[in-house]
Amino acid sequence: MRILVTGAAGFIGSHLVDRLLASGHQVLGIDNFNEFYDPGIKARNLTDALTRSGFELVRGDILDVDLMASVFARFQPERVVHLAAWAGVRPSIEKPALYQKVNVEGTTNLLEICRHQGIDRFVFASSSSVYGERAEGPFREDDRVDEPISPYAATKKAGELLCYTYHHLFGIHAHCLRFFTVYGPRQRPEMAIHKFTRLLDEGRAVPMFGDGSTSRDYTYVDDIIDGVVASIERVQGYRIYNLGESQTIELRQLIEVIAAALGREPLIDRLPSQPGDVPRTNADVSRARAELGYDPHTSVEEGVRRFVEWFRLQKQPALEV
């Protein structure tokens with residue numbers, strides 16, 4: 001199968017590319033290697049993929065409509081997996097216009113190209129942030145998600161609505177996958193588990209916003225990729241799926257798990273709660289289990305152990321792009 005992946009050099013994108021190539025698919029990856037974090041890290045993410053004959057990397061921006069249209073026309077993908085986005089809740093509060101432009105306009109560009117070129121299978125990376133500020137779980141796909149509390153969350157909800165509109169008007173089959181706090185090897189440096197691991201490894205204090213009682217449904221990247229691949233294989237109609245672990249852990253407990261994996265004493269810098277942060281995420285994955293065969297099984301303790309093992313191997317400079 002010919003599969004086009006946007007955001008291919010990122011954390012989740014590079015894992016997906018590796019999995020698809022291992023399964024014998026032809027993959028074209030698109031990434032603009034922006035400055036959100038070190039582009040050299042992204043280059044290293046694709047080290048193995050770039051040695052494979054079934055992979056092509058295009059360095060380009062989803063806002064460049066002419067380039068995207070020409071790439072799509074040449075490759076003629078049977079599936080499009082749209083992972084590219086400006087990510088992060090807190091940065092989106094500082095730069096809402098940038099998030100709207102890339103995440104909303106960029107998604108519209110890709111859907112328009114699919115419409116005009118007759119590409120009718122589209123998988124969109126959404127986010128658990130669309131559920132907003134709620135304390136009770138688990139979160140279900142048919143819950144109301146009309147009150148996002150960050151521009152990032154609003155752009156992901158907008159992306160889901162665009163996918164529905166293009167399905168309704170133009171017959172594009174679209175799956176919207178709500179990822180719940182993905183972690184694992186290659187995780188972005190500013191994300192909690194990576195940041196906390198780095199600080200504790202250096203003997204420094206971890207910033208803990210609030211009283212540590214906020215909880216997240218942390219999901220190991222291999223489990224997420226299982227769900228994405230199942231969606232790629234089954235995309236039909238318009239469907240939203242939660243991809244999470246269905247287990248939550250409080251922030252203070254997570255810090256203890258990371259410290260234990262490192263063999264360190266946890267040092268904590270207590271700080272006020274941050275705007276845009278939700279108190280809890282907790283996925284109901286029964287729809288994904290029933291319809292995609294999704295079966296997450298990596299505990300936080302095991303996933304953190306694997307992450308720490310990877311982290312300790314990264315004592316080398318990033319490659320130049």
# chains A, B, ... in the order shown; residues from 1 in each chain; ligands from 1

$ residues_around --residues "Phe55 of chain A" --least-positions-apart "5" --cutoff "9 Å" --atoms "only C-alpha atoms" --output "list in words"
Val17, Leu21, His25, Gln26, Val27, Leu28, Gly29, Ala49 and Leu50 of chain A

$ residues_around --residues "segment 271-276 of chain A" --least-positions-apart "4" --cutoff "10 Å" --atoms "only C-alpha atoms" --output "ChimeraX atom specification"
/A:89-93,129,132-133,148-153,207-212,214

$ write_last_selection --atoms "C-alpha atoms" --output "PDB file, in the first residue's frame"
ATOM      1  CA  VAL A  89      -1.094  23.255  25.064  1.00  0.00           C
ATOM      2  CA  ARG A  90       0.981  25.946  26.778  1.00  0.00           C
ATOM      3  CA  PRO A  91       2.815  27.216  23.667  1.00  0.00           C
ATOM      4  CA  SER A  92      -0.521  27.544  21.880  1.00  0.00           C
ATOM      5  CA  ILE A  93      -1.646  30.099  24.457  1.00  0.00           C
ATOM      6  CA  SER A 129      -7.226  17.837  24.879  1.00  0.00           C
ATOM      7  CA  GLY A 132     -11.570  20.107  27.964  1.00  0.00           C
ATOM      8  CA  GLU A 133     -11.669  20.652  31.698  1.00  0.00           C
ATOM      9  CA  PRO A 148     -11.712  23.478  24.696  1.00  0.00           C
ATOM     10  CA  ILE A 149      -9.513  25.403  27.132  1.00  0.00           C
ATOM     11  CA  SER A 150      -6.492  25.993  24.890  1.00  0.00           C
ATOM     12  CA  PRO A 151      -6.020  27.111  21.282  1.00  0.00           C
ATOM     13  CA  TYR A 152      -4.288  23.779  20.588  1.00  0.00           C
ATOM     14  CA  ALA A 153      -7.375  21.861  21.705  1.00  0.00           C
ATOM     15  CA  PRO A 207       8.714  21.303  38.349  1.00  0.00           C
ATOM     16  CA  MET A 208       5.377  20.090  39.708  1.00  0.00           C
ATOM     17  CA  PHE A 209       2.524  22.420  38.832  1.00  0.00           C
ATOM     18  CA  GLY A 210      -0.248  22.387  41.412  1.00  0.00           C
ATOM     19  CA  ASP A 211      -0.448  19.834  44.215  1.00  0.00           C
ATOM     20  CA  GLY A 212       0.491  16.871  42.015  1.00  0.00           C
ATOM     21  CA  THR A 214      -3.620  16.054  38.241  1.00  0.00           C
TER      22      THR A 214
END

$ residues_around --residues "segment 294-306 of chain A" --least-positions-apart "3" --cutoff "6 Å" --atoms "only C-alpha atoms" --output "list in words"
Tyr220, Asp223, Gly227, Glu245, Ala261, Ala288, Arg289 and Glu309 of chain A

$ closest_residue --among "A:Leu46, A:Ile12, A:Ile3, A:Val104" --to "Gly184 of chain A" --atoms "only C-alpha atoms"
A:Ile12

$ residues_around --residues "Glu160 of chain A" --least-positions-apart "6" --cutoff "8 Å" --atoms "only C-alpha atoms" --output "list in words"
Phe124, Ser126 and Cys176 of chain A

$ write_last_selection --atoms "C-alpha atoms" --output "PDB file, in the first residue's frame"
ATOM      1  CA  PHE A 124      -6.229  12.497  11.313  1.00  0.00           C
ATOM      2  CA  SER A 126      -6.519  14.513  17.096  1.00  0.00           C
ATOM      3  CA  CYS A 176      -9.983  10.984  13.821  1.00  0.00           C
TER       4      CYS A 176
END

$ select_by_dssp --residues "segment 14-231 of chain A" --states "helix (DSSP H, G or I)" --output "ChimeraX atom specification"
/A:14-22,39-45,49-51,65-75,89-94,96-117,128-131,151-170,192-201,221-231

$ residues_around --residues "Arg79 of chain A" --least-positions-apart "6" --cutoff "8 Å" --atoms "only C-alpha atoms" --output "PyMOL selection string"
chain A and resi 1-4+119-123+232

$ write_last_selection --atoms "C-alpha atoms" --output "short mmCIF file (atom, residue, chain, number, x, y, z; two decimals), in the first residue's frame"
data_model
loop_
_atom_site.label_atom_id
_atom_site.label_comp_id
_atom_site.auth_asym_id
_atom_site.auth_seq_id
_atom_site.Cartn_x
_atom_site.Cartn_y
_atom_site.Cartn_z
CA MET A 1 0.00 0.00 0.00
CA ARG A 2 1.21 3.56 -0.72
CA ILE A 3 0.88 5.62 2.45
CA LEU A 4 1.68 9.32 2.84
CA ILE A 119 -7.84 10.31 -2.53
CA ASP A 120 -10.58 9.06 -0.24
CA ARG A 121 -8.91 7.56 2.85
CA PHE A 122 -7.70 10.01 5.52
CA VAL A 123 -6.48 9.40 9.09
CA ILE A 232 -5.11 2.85 8.36
#

$ atom_distance --atom1 "atom CA of Asn34 of chain A" --atom2 "atom CA of Leu63 of chain A"
12.6 Å

$ atom_distance --atom1 "atom CA of Lys195 of chain A" --atom2 "atom CA of Phe139 of chain A"
26.7 Å

$ closest_residue --among "A:Ala283, A:Val71, A:Ala174, A:Ile30" --to "Asp143 of chain A" --atoms "only C-alpha atoms"
A:Ala283
